[in-house]
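Asker: Next comes the structure file model12.txt, holding compact mmCIF, C-alpha atoms.
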```txt
# COMPACT_ATOMS: atom_id res chain seq x y z
CA MET E 1 -2.49 21.60 -17.08
CA ARG E 2 -0.35 20.39 -19.97
CA PRO E 3 -1.70 17.10 -21.41
CA ASP E 4 1.59 15.29 -20.74
CA LEU E 5 1.29 16.16 -17.04
CA ILE E 6 -2.32 15.04 -16.57
CA GLY E 7 -2.16 12.41 -13.85
CA ALA E 8 1.63 12.63 -13.61
CA GLU E 9 1.91 14.87 -10.56
CA GLY E 10 2.02 12.35 -7.74
CA PHE E 11 0.83 8.75 -7.51
CA LEU E 12 -2.26 6.87 -6.48
CA ARG E 13 -1.36 5.40 -3.09
CA ASN E 14 -4.46 3.61 -1.86
CA SER E 15 -3.89 0.86 -4.41
CA TRP E 16 -2.19 -2.49 -4.88
CA TYR E 17 1.02 -2.61 -6.94
CA VAL E 18 3.13 -5.56 -8.06
CA ALA E 19 6.47 -5.61 -6.26
CA GLY E 20 7.77 -8.57 -8.27
CA ARG E 21 7.16 -12.19 -9.14
CA SER E 22 6.39 -14.28 -6.05
CA GLU E 23 9.46 -16.44 -6.61
CA ASP E 24 11.69 -13.35 -6.57
CA PHE E 25 11.34 -13.09 -2.78
CA GLY E 26 12.63 -15.54 -0.19
CA ARG E 27 14.21 -15.61 3.25
CA THR E 28 16.89 -13.06 2.35
CA LEU E 29 16.13 -9.35 2.26
CA SER E 30 15.30 -7.73 -1.09
CA ALA E 31 15.24 -3.97 -1.66
CA VAL E 32 12.60 -2.50 -3.97
CA THR E 33 11.40 1.04 -4.64
CA ILE E 34 7.72 1.74 -5.37
CA LEU E 35 6.22 5.24 -5.64
CA GLU E 36 9.59 6.63 -4.50
CA GLU E 37 9.37 4.64 -1.24
CA GLN E 38 12.21 2.24 -0.33
CA ILE E 39 10.93 -1.13 0.91
CA ALA E 40 12.67 -4.22 2.30
CA ILE E 41 10.93 -7.53 1.58
CA PHE E 42 11.49 -11.04 2.93
CA ARG E 43 9.47 -14.15 3.78
CA ASP E 44 8.85 -15.25 7.35
CA THR E 45 9.25 -18.82 8.58
CA ASN E 46 5.72 -19.61 7.31
CA GLY E 47 6.49 -18.30 3.83
CA ASN E 48 4.41 -15.14 4.18
CA ALA E 49 5.78 -12.01 2.51
CA ILE E 50 6.77 -9.21 4.88
CA ALA E 51 7.36 -5.69 3.56
CA LEU E 52 8.91 -3.04 5.80
CA GLU E 53 10.17 0.50 5.34
CA ASP E 54 13.77 0.10 4.25
CA ALA E 55 15.31 2.46 6.80
CA CYS E 56 16.27 1.85 10.41
CA PRO E 57 14.87 4.74 12.51
CA HIS E 58 18.25 5.27 14.21
CA ARG E 59 20.44 6.56 11.34
CA LYS E 60 18.39 5.35 8.37
CA LEU E 61 20.70 2.58 7.27
CA PRO E 62 18.62 0.46 4.88
CA LEU E 63 17.24 -2.57 6.69
CA SER E 64 17.90 -4.50 3.49
CA ARG E 65 21.60 -4.29 4.43
CA GLY E 66 20.85 -6.19 7.61
CA SER E 67 19.83 -9.79 8.16
CA VAL E 68 16.82 -11.99 8.87
CA GLU E 69 16.77 -13.94 12.12
CA GLY E 70 13.68 -16.10 12.47
CA ASP E 71 10.77 -13.76 11.81
CA ASN E 72 12.72 -10.61 12.65
CA VAL E 73 14.93 -8.18 10.74
CA VAL E 74 18.18 -7.09 12.39
CA CYS E 75 19.72 -3.76 11.41
CA GLY E 76 23.33 -4.09 10.30
CA TYR E 77 24.49 -0.97 12.19
CA HIS E 78 23.62 -1.45 15.90
CA GLY E 79 21.41 -4.52 15.89
CA LEU E 80 18.02 -2.91 16.38
CA THR E 81 15.61 -5.76 15.70
CA PHE E 82 12.15 -5.38 14.17
CA ASP E 83 9.30 -7.88 14.00
CA CYS E 84 6.96 -8.46 11.08
CA THR E 85 4.75 -5.54 12.10
CA GLY E 86 7.70 -3.12 12.10
CA GLU E 87 7.92 -2.80 15.87
CA CYS E 88 11.37 -2.71 17.48
CA VAL E 89 11.55 -5.75 19.77
CA ILE E 90 15.26 -5.70 20.69
CA ALA E 91 17.77 -2.86 21.13
CA PRO E 92 21.01 -4.66 22.08
CA THR E 93 22.86 -1.55 23.27
CA GLN E 94 20.07 -0.65 25.71
CA LEU E 95 18.21 -3.84 26.54
CA ASP E 96 16.58 -2.33 29.64
CA ASN E 97 15.47 0.83 27.90
CA PRO E 98 14.45 0.19 24.26
CA PRO E 99 13.67 3.36 22.27
CA ARG E 100 9.93 3.90 22.47
CA ARG E 101 9.62 5.51 19.06
CA ALA E 102 11.67 2.92 17.18
CA ALA E 103 9.37 1.45 14.54
CA VAL E 104 9.19 1.19 10.78
CA HIS E 105 6.19 1.25 8.48
CA SER E 106 4.76 -2.13 7.46
CA TYR E 107 3.08 -2.59 4.08
CA PRO E 108 0.19 -5.05 3.57
CA ALA E 109 1.40 -7.78 1.20
CA GLU E 110 -0.40 -10.50 -0.75
CA ASP E 111 0.73 -13.25 -3.13
CA ARG E 112 -1.78 -13.56 -5.96
CA TRP E 113 -1.54 -14.93 -9.52
CA GLY E 114 2.18 -15.63 -9.11
CA PHE E 115 3.04 -12.04 -8.20
CA LEU E 116 3.60 -10.24 -4.90
CA TRP E 117 1.31 -7.25 -4.42
CA LEU E 118 1.88 -4.41 -1.93
CA TRP E 119 -0.65 -1.87 -0.68
CA MET E 120 1.05 1.53 -0.81
CA GLY E 121 -1.53 3.65 1.03
CA ASP E 122 -3.26 3.67 4.39
CA PRO E 123 -2.93 0.10 5.74
CA ASP E 124 -6.39 0.35 7.31
CA LYS E 125 -7.89 0.77 3.84
CA ALA E 126 -6.18 -2.28 2.31
CA ASP E 127 -8.76 -4.66 0.87
CA ARG E 128 -7.32 -7.84 -0.64
CA ASP E 129 -10.52 -8.31 -2.65
CA GLU E 130 -9.51 -5.25 -4.70
CA ILE E 131 -6.59 -7.12 -6.27
CA LEU E 132 -7.37 -7.80 -9.92
CA ASP E 133 -9.40 -10.95 -10.55
CA ILE E 134 -8.13 -13.22 -13.35
CA PRO E 135 -10.88 -15.51 -14.66
CA ASN E 136 -9.81 -19.02 -15.70
CA PHE E 137 -6.43 -18.68 -13.98
CA ASP E 138 -6.76 -22.22 -12.58
CA ASN E 139 -8.68 -23.59 -15.56
CA PRO E 140 -6.61 -26.50 -16.98
CA ASP E 141 -7.97 -25.75 -20.46
CA TRP E 142 -6.15 -22.42 -20.50
CA GLY E 143 -2.42 -22.10 -21.20
CA LYS E 144 -0.04 -19.63 -19.57
CA THR E 145 3.29 -18.18 -20.60
CA PRO E 146 6.13 -17.64 -18.12
CA LYS E 147 5.99 -14.39 -16.16
CA GLY E 148 8.09 -11.54 -17.50
CA ALA E 149 9.72 -8.55 -15.84
CA MET E 150 11.70 -5.58 -17.13
CA GLU E 151 12.80 -2.10 -16.15
CA MET E 152 11.75 0.91 -18.23
CA ALA E 153 13.39 4.30 -17.84
CA CYS E 154 10.19 6.30 -18.29
CA HIS E 155 7.17 7.52 -16.36
CA TYR E 156 4.58 4.79 -15.94
CA LEU E 157 1.88 6.83 -17.71
CA TYR E 158 3.86 6.76 -20.96
CA ILE E 159 3.61 2.96 -20.73
CA ILE E 160 -0.14 3.25 -20.09
CA ASP E 161 -0.46 5.62 -23.06
CA ASN E 162 1.18 2.94 -25.20
CA LEU E 163 -1.04 0.15 -23.82
CA LEU E 164 -4.16 2.14 -24.76
CA ASP E 165 -2.93 2.63 -28.33
CA PRO E 166 -3.72 -0.29 -30.68
CA SER E 167 -2.34 1.67 -33.65
CA HIS E 168 1.33 1.78 -32.66
CA VAL E 169 1.74 -1.93 -33.45
CA ALA E 170 1.62 -1.11 -37.16
CA TRP E 171 4.94 0.73 -36.90
CA VAL E 172 6.70 -0.53 -33.74
CA HIS E 173 5.90 -4.27 -33.93
CA LEU E 174 6.22 -5.10 -37.60
CA SER E 175 7.42 -8.68 -37.03
CA SER E 176 4.97 -9.58 -34.26
CA PHE E 177 1.66 -7.81 -33.59
CA ALA E 178 1.27 -5.69 -36.72
CA GLY E 179 -1.27 -6.72 -39.33
CA ALA E 180 -3.70 -5.37 -41.88
CA GLY E 181 -6.05 -2.78 -40.44
CA THR E 182 -3.97 -1.88 -37.41
CA ASP E 183 -2.84 1.41 -38.90
CA ASN E 184 -6.08 3.14 -39.85
CA ARG E 185 -9.29 1.36 -38.78
CA PRO E 186 -11.59 3.38 -36.46
CA LEU E 187 -11.30 2.85 -32.71
CA ASP E 188 -14.11 2.46 -30.17
CA LEU E 189 -13.67 4.10 -26.76
CA GLU E 190 -15.50 3.02 -23.61
CA GLU E 191 -15.13 4.23 -20.04
CA ILE E 192 -15.69 1.64 -17.32
CA GLU E 193 -15.96 1.97 -13.55
CA ASN E 194 -12.22 1.97 -12.90
CA GLY E 195 -10.66 2.47 -16.29
CA VAL E 196 -10.85 2.80 -20.05
CA ILE E 197 -11.20 0.37 -22.99
CA VAL E 198 -10.04 1.10 -26.55
CA SER E 199 -10.99 -1.57 -29.08
CA ARG E 200 -11.78 -2.37 -32.70
CA TRP E 201 -12.61 -5.28 -34.98
CA VAL E 202 -10.54 -5.93 -38.10
CA LEU E 203 -12.56 -8.20 -40.38
CA GLY E 204 -11.47 -10.62 -43.09
CA GLU E 205 -7.71 -9.97 -42.98
CA GLU E 206 -4.61 -12.10 -42.49
CA PRO E 207 -3.50 -12.45 -38.85
CA PRO E 208 -0.22 -10.87 -37.75
CA PRO E 209 2.96 -13.00 -37.65
CA TYR E 210 2.85 -13.53 -33.87
CA TYR E 211 -0.50 -15.36 -34.03
CA LYS E 212 -0.50 -17.00 -37.45
CA ALA E 213 0.76 -20.45 -36.41
CA MET E 214 -1.47 -20.61 -33.33
CA LEU E 215 -4.78 -20.32 -35.13
CA PRO E 216 -6.68 -23.47 -36.15
CA PHE E 217 -8.23 -21.53 -39.03
CA GLY E 218 -7.14 -19.21 -41.82
CA PRO E 219 -5.69 -17.88 -44.04
CA THR E 220 -7.93 -14.89 -43.20
CA CYS E 221 -9.80 -14.22 -39.98
CA ASP E 222 -11.68 -11.65 -37.97
CA ARG E 223 -9.66 -10.00 -35.21
CA LYS E 224 -10.52 -7.89 -32.19
CA GLN E 225 -7.95 -5.66 -30.51
CA HIS E 226 -9.08 -5.00 -26.94
CA TYR E 227 -6.84 -2.58 -25.00
CA GLU E 228 -8.05 -2.03 -21.44
CA CYS E 229 -6.37 -0.15 -18.58
CA ARG E 230 -7.58 -0.10 -14.98
CA LEU E 231 -6.57 2.10 -12.09
CA PRO E 232 -3.94 2.43 -10.87
CA SER E 233 -1.81 0.87 -13.65
CA THR E 234 -2.98 -2.54 -14.87
CA ALA E 235 -3.43 -3.21 -18.58
CA ILE E 236 -5.45 -6.10 -20.01
CA ASN E 237 -4.75 -6.46 -23.71
CA MET E 238 -6.95 -9.11 -25.29
CA SER E 239 -6.70 -10.48 -28.82
CA VAL E 240 -9.72 -12.37 -30.13
CA TYR E 241 -9.46 -14.28 -33.41
CA THR E 242 -12.35 -16.02 -35.17
CA PRO E 243 -12.80 -17.64 -38.56
CA ALA E 244 -13.64 -15.02 -41.16
CA GLY E 245 -17.31 -14.09 -40.93
CA GLU E 246 -17.75 -15.07 -37.26
CA GLY E 247 -16.46 -11.88 -35.63
CA GLY E 248 -17.79 -8.37 -35.20
CA ALA E 249 -18.96 -5.95 -32.56
CA GLN E 250 -22.61 -6.93 -32.77
CA ARG E 251 -22.03 -10.65 -32.33
CA PRO E 252 -21.38 -12.83 -29.28
CA VAL E 253 -17.88 -14.30 -29.08
CA SER E 254 -17.67 -17.24 -31.48
CA PRO E 255 -17.26 -20.69 -29.85
CA ASN E 256 -14.41 -21.17 -32.34
CA ALA E 257 -12.55 -18.07 -31.15
CA PHE E 258 -8.91 -18.12 -30.12
CA VAL E 259 -8.52 -15.74 -27.18
CA ASN E 260 -5.18 -14.55 -25.82
CA ILE E 261 -5.06 -12.14 -22.89
CA SER E 262 -1.93 -10.26 -21.93
CA TYR E 263 -1.99 -9.15 -18.29
CA ASN E 264 0.39 -6.23 -17.79
CA PHE E 265 1.21 -4.78 -14.36
CA ILE E 266 3.09 -1.49 -14.35
CA THR E 267 4.67 -0.35 -11.09
CA PRO E 268 5.98 3.23 -10.80
CA VAL E 269 9.42 3.46 -9.23
CA ASN E 270 9.64 7.24 -9.51
CA ALA E 271 8.82 9.93 -12.06
CA ARG E 272 11.36 8.58 -14.57
CA GLN E 273 11.46 4.85 -13.98
CA SER E 274 8.96 1.98 -13.94
CA ARG E 275 8.84 -1.79 -13.64
CA TYR E 276 6.81 -3.83 -16.09
CA PHE E 277 5.48 -7.31 -15.24
CA TRP E 278 3.34 -9.53 -17.45
CA PHE E 279 2.13 -12.95 -18.50
CA GLN E 280 -0.17 -14.20 -21.25
CA HIS E 281 -3.21 -16.45 -20.87
CA ARG E 282 -4.86 -18.29 -23.78
CA ASN E 283 -7.92 -20.49 -24.22
CA MET E 284 -6.25 -23.12 -26.46
CA HIS E 285 -3.09 -25.28 -26.58
CA ALA E 286 -2.98 -25.46 -22.78
CA GLU E 287 -0.30 -28.17 -22.61
CA ASP E 288 1.90 -26.83 -25.38
CA HIS E 289 4.82 -25.60 -23.30
CA GLN E 290 6.97 -24.93 -26.35
CA LEU E 291 4.28 -22.60 -27.64
CA SER E 292 4.17 -20.87 -24.24
CA GLN E 293 7.91 -20.29 -24.43
CA ARG E 294 7.72 -18.99 -28.02
CA MET E 295 4.91 -16.64 -27.02
CA PHE E 296 6.93 -15.42 -24.04
CA GLU E 297 9.98 -14.77 -26.20
CA GLY E 298 7.88 -13.01 -28.84
CA ALA E 299 6.20 -10.79 -26.27
CA THR E 300 9.55 -10.01 -24.64
CA MET E 301 10.93 -8.94 -28.00
CA ALA E 302 7.90 -6.71 -28.63
CA PHE E 303 8.03 -5.17 -25.15
CA ASN E 304 11.71 -4.39 -25.66
CA GLU E 305 10.68 -2.58 -28.84
CA ASP E 306 8.23 -0.57 -26.73
CA LYS E 307 10.93 0.04 -24.12
CA GLU E 308 13.27 1.57 -26.69
CA VAL E 309 10.57 3.89 -28.02
CA LEU E 310 9.19 4.92 -24.61
CA GLU E 311 12.58 5.68 -23.09
CA HIS E 312 13.23 8.03 -26.00
CA VAL E 313 9.75 9.51 -25.48
CA GLN E 314 10.64 10.18 -21.83
CA THR E 315 13.83 11.98 -22.83
CA GLY E 316 12.20 13.83 -25.70
CA MET E 317 9.23 15.08 -23.70
CA ALA E 318 11.43 16.11 -20.77
CA ASN E 319 13.88 18.04 -22.96
CA ARG E 320 11.57 19.43 -25.62
CA LYS E 321 11.98 23.05 -26.70
CA SER E 322 8.81 23.22 -28.75
CA GLY E 323 5.23 22.16 -28.36
CA TYR E 324 3.75 18.78 -29.22
CA ILE E 325 0.34 17.52 -30.29
CA ASN E 326 -2.12 14.80 -29.45
CA LEU E 327 -3.75 12.67 -32.15
CA GLY E 328 -7.19 11.12 -32.21
CA LEU E 329 -5.65 7.79 -31.18
CA ASP E 330 -4.63 9.42 -27.86
CA ALA E 331 -8.24 9.85 -26.71
CA GLY E 332 -8.24 6.72 -24.54
CA ALA E 333 -4.95 7.60 -22.88
CA MET E 334 -6.12 11.15 -22.11
CA ARG E 335 -9.34 9.79 -20.58
CA PHE E 336 -7.31 7.43 -18.39
CA ARG E 337 -4.92 10.18 -17.32
CA THR E 338 -7.90 12.35 -16.36
CA ARG E 339 -9.23 9.52 -14.18
CA VAL E 340 -5.84 9.16 -12.52
CA ALA E 341 -5.57 12.92 -11.86
CA ARG E 342 -9.08 13.02 -10.41
CA GLN E 343 -8.35 10.09 -8.09
CA ILE E 344 -5.06 11.61 -6.93
CA ARG E 345 -6.86 14.85 -6.09
CA SER E 346 -9.50 12.86 -4.18
CA GLU E 347 -6.83 11.08 -2.13
CA THR E 348 -4.95 14.30 -1.45
CA SER E 349 -8.03 16.22 -0.34
CA ALA E 350 -9.01 13.37 2.00
CA ASP E 351 -5.66 13.47 3.82
```
Here is a file; write its structure as structure tokens.
Answerer:
Amino acid sequence: MRPDLIGAEGFLRNSWYVAGRSEDFGRTLSAVTILEEQIAIFRDTNGNAIALEDACPHRKLPLSRGSVEGDNVVCGYHGLTFDCTGECVIAPTQLDNPPRRAAVHSYPAEDRWGFLWLWMGDPDKADRDEILDIPNFDNPDWGKTPKGAMEMACHYLYIIDNLLDPSHVAWVHLSSFAGAGTDNRPLDLEEIENGVIVSRWVLGEEPPPYYKAMLPFGPTCDRKQHYECRLPSTAINMSVYTPAGEGGAQRPVSPNAFVNISYNFITPVNARQSRYFWFQHRNMHAEDHQLSQRMFEGATMAFNEDKEVLEHVQTGMANRKSGYINLGLDAGAMRFRTRVARQIRSETSAD
């Protein structure tokens, strides 16, 4: 199999994916597409998120073009009415003889960490405890940025490739995340139970522009780049900064360390489009809301830089007339893609 196709033929379905920020969904119907499946989402009268197949079984008009009445969805064509489980409870044109096979698929849904998660596989296998845990989420000593969202016109694995590549910041993010040592220092690769970690320490160098004003020490520091991706498509990018001389792979994390964690949730729409959600979480300056906004704007700028590159990568790889190569820095991404491909085969063979 060509390296660019490893893991790209199909999707992992028995997994949780972010459909959007929790506040994006209310009492009106919203249409989203995840793993090429059209879904209609609304909140019931108790505020619980309900996710149903976005197609009435009569003539497949999207249910999202209908309306919400109480805890039911009414199709906008002939009024077939579906409850929160997807069962048809009213057929106005044949009240005495409702169609027995009229039902739509219902997706398990869960609000967690300010995002709405949907289980895209077998509902009987949905385990809410498998949603990513975020330590210190409710710790008042930790600060959070606003939650971001953007569309990217590329396959989700190109985004994962990028999020397992600490080196690209030296060329793509010159005004934000780049810094001394990000272009050529050796990388460490570690496989974990459900993913891959690529990391390295850069010792005794100036911090990059994005972090310089946040650090209570300087002008030089020790810096760890920690790029972690977990199945199916969550990236945890952690930056650890310590005073010079207090960092390094063989040392415990310094009590003086500034830690910023970027949680990135990538949701495949189809083979050429993805949605990208994120927020950042830091162990200092918890009440500095202006800093949170600056960090959000800086990250948004950097992710738009990634977006421009990756959308061209999608076009270039799809239309290429010659071969391409992998570099040593791609080792983590290729390991992750292999894990994805193996898991997809496991799901397919179990069906």
Asker: Which residues, written as a PyMOL selection string, have at least one atom at most 7 Å from stretch 35-38 of chain E, with all atoms listed in the file counted and residues fewer than 4 positions away on the same chain left out?
Answerer: chain E and resi 11+53-54+268-270
Asker: Just to confirm, what's the straight-line distance from atom CA of E:Gly86 to atom CA of E:Val104 in Å (one decimal)?
Answerer: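 Distance between the two atoms: 4.7 Å.
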Asker: Take atom CA of E:Phe303 and atom CA of E:His226 and report the distance between them in Å, one decimal.
Answerer: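 Spanning atom CA of E:Phe303 to atom CA of E:His226 is a straight-line distance of 17.2 Å.
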Asker: Here is a test: counting all atoms listed in the file, which residue of E:Glu23, E:Asp96, E:Asp165, E:Glu287 is nearest to E:Asp188?
Answerer: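 Closest candidate: E:Asp165.
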Asker: For E:Ala235, list every protein, DNA or RNA residue within 10 Å, evaluated using only C-alpha atoms, and leave out those in the same chain fewer than 2 positions away; present the list as a ChimeraX atom specification.
Answerer: /E:159-160,163-164,195-197,227-233,237-238,262-266,278
Asker: Store the residues picked out above, limited to C-alpha atoms, as a short mmCIF file (atom, residue, chain, number, x, y, z; two decimals), keeping the file's coordinate frame.
Answerer:
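Final output, part28.cif:
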```cif
data_model
loop_
_atom_site.label_atom_id
_atom_site.label_comp_id
_atom_site.auth_asym_id
_atom_site.auth_seq_id
_atom_site.Cartn_x
_atom_site.Cartn_y
_atom_site.Cartn_z
CA ILE E 159 3.61 2.96 -20.73
CA ILE E 160 -0.14 3.25 -20.09
CA LEU E 163 -1.04 0.15 -23.82
CA LEU E 164 -4.16 2.14 -24.76
CA GLY E 195 -10.66 2.47 -16.29
CA VAL E 196 -10.85 2.80 -20.05
CA ILE E 197 -11.20 0.37 -22.99
CA TYR E 227 -6.84 -2.58 -25.00
CA GLU E 228 -8.05 -2.03 -21.44
CA CYS E 229 -6.37 -0.15 -18.58
CA ARG E 230 -7.58 -0.10 -14.98
CA LEU E 231 -6.57 2.10 -12.09
CA PRO E 232 -3.94 2.43 -10.87
CA SER E 233 -1.81 0.87 -13.65
CA ASN E 237 -4.75 -6.46 -23.71
CA MET E 238 -6.95 -9.11 -25.29
CA SER E 262 -1.93 -10.26 -21.93
CA TYR E 263 -1.99 -9.15 -18.29
CA ASN E 264 0.39 -6.23 -17.79
CA PHE E 265 1.21 -4.78 -14.36
CA ILE E 266 3.09 -1.49 -14.35
CA TRP E 278 3.34 -9.53 -17.45
#
```
Asker: Looking at only C-alpha atoms, which of E:Leu80, E:Met120, E:Cys221, E:Leu203 is the one that sits closest to E:Arg59?
Answerer: E:Leu80
Asker: Output as lines of an AutoDock Vina configuration file the centre and edge lengths (Å, one decimal) of the box along x, y and z of the file that holds every listed atom of stretch 264-283 of chain E after adding 3 Å on each side.
Answerer:
```
center_x = 1.8
center_y = -5.3
center_z = -16.7
size_x = 25.4
size_y = 36.4
size_z = 21.0
```
Asker: What lies within 12 Å of E:Leu61 using all atoms listed in the file, ignoring chain neighbours under 4 positions off, as JSON, numbers by chain?
Answerer: {"E": [38, 40, 53, 54, 55, 56, 57, 65, 66, 74, 75, 76, 77, 78, 79, 80]}
Asker: Enter the distance from atom CA of E:Ser254 to atom CA of E:Ala302, in Å, rounded to one decimal.
Answerer: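 Straight-line distance from atom CA of E:Ser254 to atom CA of E:Ala302 works out to 27.8 Å.
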Asker: Give me, as a list in words, all polymer residues having an atom no more than 10 Å from E:Gly10, counting all atoms listed in the file and skipping those fewer than 6 positions away in the same chain.
Answerer: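 The residues satisfying every condition are Leu35, Asn270, Ala271, Val340, Ala341, Ile344, Arg345 and Thr348 of chain E.
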Asker: Can you pull out every residue within 9 Å of E:Val313, counting all atoms listed in the file, but drop anything in the same chain fewer than 5 positions away, and send it as a compact mmCIF listing (two decimals) with C-alpha atoms, keeping the file's coordinate frame?
Answerer:
```txt
# COMPACT_ATOMS: atom_id res chain seq x y z
CA CYS E 154 10.19 6.30 -18.29
CA TYR E 158 3.86 6.76 -20.96
CA GLU E 308 13.27 1.57 -26.69
CA ALA E 318 11.43 16.11 -20.77
```
Asker: Taking into account all atoms listed in the file, which residue in the set E:Gln225, E:Asn162, E:Asn319, E:Thr85 is nearest to E:Leu187?
Answerer: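 Among the listed residues, the smallest separation from E:Leu187 belongs to E:Gln225.
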Asker: Go through E:Arg128, E:Lys147, E:Arg275, E:Arg342 one by one, measure the shortest atom-to-atom distance of each to E:Ile34 using only C-alpha atoms, and give the residue with the smallest value.
Answerer: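 For E:Ile34, the nearest of the candidates is E:Arg275.
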Asker: Which of these, E:Asp161, E:Arg112, E:His289, E:Arg185, has the shortest distance to E:Gly7 once you count all atoms listed in the file?
Answerer: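 Smallest distance to E:Gly7 is found for E:Asp161.
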Asker: Which of these residues is nearest to E:Pro186, using all atoms listed in the file: E:Thr315, E:Trp119, E:Leu329, E:Pro92?
Answerer: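 Smallest distance to E:Pro186 is found for E:Leu329.
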Asker: With 12 Å as the threshold, what does the neighbourhood of (9.2, -14.4, -27.2) contain in terms of residues, counting all atoms listed in the file? Coordinates are those of the file; answer as a list in words.
Answerer: Thr145, Pro146, Lys147, Gly148, Ser175, Ser176, Phe177, Tyr210, Tyr211, Phe279, Gln280, Gln290, Leu291, Ser292, Gln293, Arg294, Met295, Phe296, Glu297, Gly298, Ala299, Thr300, Met301, Ala302, Phe303 and Asn304 of chain E
Asker: Those selected residues, please, written with C-alpha atoms and delivered as a PDB file, in the frame of the given file.
Answerer:
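Result file is again08.pdb:
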```
ATOM      1  CA  THR E 145       3.290 -18.180 -20.600  1.00  0.00           C
ATOM      2  CA  PRO E 146       6.130 -17.640 -18.120  1.00  0.00           C
ATOM      3  CA  LYS E 147       5.990 -14.390 -16.160  1.00  0.00           C
ATOM      4  CA  GLY E 148       8.090 -11.540 -17.500  1.00  0.00           C
ATOM      5  CA  SER E 175       7.420  -8.680 -37.030  1.00  0.00           C
ATOM      6  CA  SER E 176       4.970  -9.580 -34.260  1.00  0.00           C
ATOM      7  CA  PHE E 177       1.660  -7.810 -33.590  1.00  0.00           C
ATOM      8  CA  TYR E 210       2.850 -13.530 -33.870  1.00  0.00           C
ATOM      9  CA  TYR E 211      -0.500 -15.360 -34.030  1.00  0.00           C
ATOM     10  CA  PHE E 279       2.130 -12.950 -18.500  1.00  0.00           C
ATOM     11  CA  GLN E 280      -0.170 -14.200 -21.250  1.00  0.00           C
ATOM     12  CA  GLN E 290       6.970 -24.930 -26.350  1.00  0.00           C
ATOM     13  CA  LEU E 291       4.280 -22.600 -27.640  1.00  0.00           C
ATOM     14  CA  SER E 292       4.170 -20.870 -24.240  1.00  0.00           C
ATOM     15  CA  GLN E 293       7.910 -20.290 -24.430  1.00  0.00           C
ATOM     16  CA  ARG E 294       7.720 -18.990 -28.020  1.00  0.00           C
ATOM     17  CA  MET E 295       4.910 -16.640 -27.020  1.00  0.00           C
ATOM     18  CA  PHE E 296       6.930 -15.420 -24.040  1.00  0.00           C
ATOM     19  CA  GLU E 297       9.980 -14.770 -26.200  1.00  0.00           C
ATOM     20  CA  GLY E 298       7.880 -13.010 -28.840  1.00  0.00           C
ATOM     21  CA  ALA E 299       6.200 -10.790 -26.270  1.00  0.00           C
ATOM     22  CA  THR E 300       9.550 -10.010 -24.640  1.00  0.00           C
ATOM     23  CA  MET E 301      10.930  -8.940 -28.000  1.00  0.00           C
ATOM     24  CA  ALA E 302       7.900  -6.710 -28.630  1.00  0.00           C
ATOM     25  CA  PHE E 303       8.030  -5.170 -25.150  1.00  0.00           C
ATOM     26  CA  ASN E 304      11.710  -4.390 -25.660  1.00  0.00           C
TER      27      ASN E 304
END
```
Asker: Please list, as a PDB file with C-alpha atoms, in the frame of the given file, the residues that have an atom at most 9 Å away from (-13.0, -20.8, -40.6) in the coordinates of this file, counting only C-alpha atoms.
Answerer:
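Contents of point.pdb, as written:
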```pdb
ATOM      1  CA  PRO E 216      -6.680 -23.470 -36.150  1.00  0.00           C
ATOM      2  CA  PHE E 217      -8.230 -21.530 -39.030  1.00  0.00           C
ATOM      3  CA  GLY E 218      -7.140 -19.210 -41.820  1.00  0.00           C
ATOM      4  CA  PRO E 219      -5.690 -17.880 -44.040  1.00  0.00           C
ATOM      5  CA  THR E 220      -7.930 -14.890 -43.200  1.00  0.00           C
ATOM      6  CA  CYS E 221      -9.800 -14.220 -39.980  1.00  0.00           C
ATOM      7  CA  THR E 242     -12.350 -16.020 -35.170  1.00  0.00           C
ATOM      8  CA  PRO E 243     -12.800 -17.640 -38.560  1.00  0.00           C
ATOM      9  CA  ALA E 244     -13.640 -15.020 -41.160  1.00  0.00           C
ATOM     10  CA  GLY E 245     -17.310 -14.090 -40.930  1.00  0.00           C
ATOM     11  CA  GLU E 246     -17.750 -15.070 -37.260  1.00  0.00           C
ATOM     12  CA  ASN E 256     -14.410 -21.170 -32.340  1.00  0.00           C
TER      13      ASN E 256
END
```
